[in-house]
Amino acid sequence: MEHLPVEVIGNILSRLRAARDVVIASATCKKWREAWRNHLHTLSFNSNDWPVYHDLTTSRLEILITQTIFQTTGLQCLSIFMDDVDEFSAAPVIAWLMYTRDTLRQLHYNVRTTPNVNIIEKCSRQKLEVLALAHNSVTGVEPSYQKFSCLKSLSLSYVSISALDLSLLLTACPKLSSLALINPDIAMSDAQATMELSSASLKDIYVEAVSLDKFILEADSLEDLHLKDCTLELFELIGKGSLKVLKIDDVSVLHLDIGENTENLQIVDVSSFTIMWPKFYNMISKSSNLRRLRLWGVVFDDEDEVVDLENVSVCFPQLSHLSLSYDLRDVCGLQGTSRLENVVVLELGWTIISELFSEWVAGLIERCPKLKKLVIYGVVSEAKSHEECQTLANFTSAIVRLMRKYMHVEIQFEYE
């Protein structure tokens, strides 16, 4: 150990991340203390790392963090996640940011400050590449002054910000490739106003728990779009057909438009969503490179609608992973004879099991000549009537008989 270069020791300490572990390890000898002071590049203060954090007063915690940070000289990644702390005083937070701003590349911070500290202003015009901010307010963004020329990833969780400031912030980040908006408090100038965001460099966006009337995103390079737990009247993506991944999870939207150029789509994952199948299918029908299609817990706007597997097999010839779970009602949705030639993994599920389910499973397996794995998902309630138990038993027997014909297929059951 005594022959290890001090820079290597600095890397070892940085991999520990947790401040308490780093401090203890640095006390090993003089060489390790030197590595701690001059070559440590990652430091994390997380309330889950050390139970003692929960017992410290806020002022004592501020002092501890300050003393620890000020013993380093080249921090590149600083993470402060204190879930038990309501708020920090502004002075020490500003001191931490000013002390590390010349070297910092990543900042993760989730504690409110009193009075509010404009972290965007303190971190701008530097070399920051990753910023994850939570439980703070962002105001008065000036893109001509507050430039983030190196920022590639931005995450805003439970952050108060106006739609205008959010738009200006993206303008100030010319290299931004990843954006996450998690339950933000977005102030609009008008209750019916449209939030418009634009980024030429953005490649993936994750939006969770956002309620807006109209959300228009202009992103020519976007490859990954994930909407979760959102309520929107309109969502429109304006791009150049670069989208590869579309995920929609428990979203209420009246009008969804991802553009006409969907040739590059490879993954479509939709769950807990009410869809008009003809309209949705038309939106993705040009995605000839689609590899994964997941429609899970979807509700059809028209009671007579089903997933048209005939069109799926024709329009998505590269499909290898198909996941379906929806109310079968009194139809199986197995019209036509076209086969799903390249599907190797089939995931099927129910919320309310019926006698039709085993018939549906059998029909789908028959259409997948290259199938290697079948996964059955089901919901089994604690209190089941005799009829429900008999239906489940009949289904189990039917699957056992069916799989004797497909001994090469791995089968897995997932019940909840």
# chains A, B, ... in the order shown; residues from 1 in each chain; ligands from 1
>>> residues_around(residues="A:Val343", least_positions_apart="6", cutoff="7 Å", atoms="only C-alpha atoms", output="mmCIF file with N, CA, C and O atoms, in the first residue's frame")
data_model
loop_
_atom_site.group_PDB
_atom_site.id
_atom_site.type_symbol
_atom_site.label_atom_id
_atom_site.label_comp_id
_atom_site.auth_asym_id
_atom_site.auth_seq_id
_atom_site.Cartn_x
_atom_site.Cartn_y
_atom_site.Cartn_z
ATOM 1 N N LEU A 319 -40.005 -6.912 -34.830
ATOM 2 C CA LEU A 319 -40.454 -7.022 -33.443
ATOM 3 C C LEU A 319 -39.943 -8.314 -32.804
ATOM 4 O O LEU A 319 -40.187 -9.407 -33.319
ATOM 5 N N SER A 320 -39.247 -8.182 -31.662
ATOM 6 C CA SER A 320 -38.698 -9.354 -30.976
ATOM 7 C C SER A 320 -39.267 -9.540 -29.568
ATOM 8 O O SER A 320 -39.151 -10.620 -28.999
ATOM 9 N N HIS A 321 -39.860 -8.491 -29.026
ATOM 10 C CA HIS A 321 -40.357 -8.542 -27.645
ATOM 11 C C HIS A 321 -41.752 -7.904 -27.614
ATOM 12 O O HIS A 321 -41.895 -6.711 -27.848
ATOM 13 N N LEU A 322 -42.771 -8.726 -27.343
ATOM 14 C CA LEU A 322 -44.158 -8.242 -27.343
ATOM 15 C C LEU A 322 -44.774 -8.470 -25.964
ATOM 16 O O LEU A 322 -44.729 -9.584 -25.436
ATOM 17 N N CYS A 368 -46.039 -17.165 -33.009
ATOM 18 C CA CYS A 368 -44.638 -16.801 -32.751
ATOM 19 C C CYS A 368 -43.750 -18.034 -32.934
ATOM 20 O O CYS A 368 -43.392 -18.701 -31.946
ATOM 21 N N LYS A 370 -40.640 -18.476 -33.481
ATOM 22 C CA LYS A 370 -39.288 -18.423 -32.912
ATOM 23 C C LYS A 370 -39.300 -18.123 -31.409
ATOM 24 O O LYS A 370 -38.262 -17.794 -30.832
ATOM 25 N N LEU A 371 -40.452 -18.275 -30.784
ATOM 26 C CA LEU A 371 -40.589 -17.932 -29.373
ATOM 27 C C LEU A 371 -39.648 -18.759 -28.501
ATOM 28 O O LEU A 371 -39.537 -19.977 -28.653
#
>>> select_by_dssp(residues="stretch 86-210 of chain A", states="strand (DSSP E or B)", output="ChimeraX atom specification")
/A:87-89,106-109,112-114,130-134,137-138,153-157,160-162,178-182,185-187,194-198,204-208
>>> residues_around(residues="A:Thr57", least_positions_apart="4", cutoff="12 Å", atoms="only C-alpha atoms", output="list of chain:residue names")
A:Val52, A:Tyr53, A:Leu61, A:Glu62, A:Ile63, A:Leu64, A:Asp84, A:Val85, A:Asp86, A:Glu87, A:Phe88
>>> residues_around(residues="A:Leu104", least_positions_apart="5", cutoff="6 Å", atoms="only C-alpha atoms", output="ChimeraX atom specification")
/A:75-77,128
>>> select_by_dssp(residues="stretch 162-385 of chain A", states="helix (DSSP H, G or I)", output="ChimeraX atom specification")
/A:163-171,277-284,309-315,356-366
>>> atom_distance(atom1="atom CA of A:Met276", atom2="atom CA of A:Ile353")
23.2 Å
>>> atom_distance(atom1="atom CA of A:Ser287", atom2="atom CA of A:Glu260")
10.2 Å
>>> closest_residue(among="A:Phe215, A:Phe45, A:Trp277, A:Tyr415", to="A:Leu107", atoms="only C-alpha atoms")
A:Phe45
>>> residues_around(residues="A:Leu402", least_positions_apart="5", cutoff="10 Å", atoms="only C-alpha atoms", output="list in words")
Ser358, Glu359, Val361, Ala362, Ile365, Thr396, Ser397 and Met407 of chain A
>>> residues_around(residues="stretch 205-213 of chain A", least_positions_apart="6", cutoff="6 Å", atoms="only C-alpha atoms", output="number ranges by chain")
A: 178-183, 225-233
>>> closest_residue(among="A:Asn289, A:Asn311, A:Thr391, A:Asn136", to="A:Leu265", atoms="only C-alpha atoms")
A:Asn289
>>> closest_residue(among="A:His135, A:Arg101, A:Arg291, A:His108", to="A:Cys123", atoms="only C-alpha atoms")
A:Arg101
>>> residues_around(residues="A:Leu234", least_positions_apart="2", cutoff="12 Å", atoms="only C-alpha atoms", output="ChimeraX atom specification")
/A:192-196,211-217,230-232,236-237,251-258
>>> atom_distance(atom1="atom CA of A:Ser189", atom2="atom CA of A:Ser221")
28.5 Å
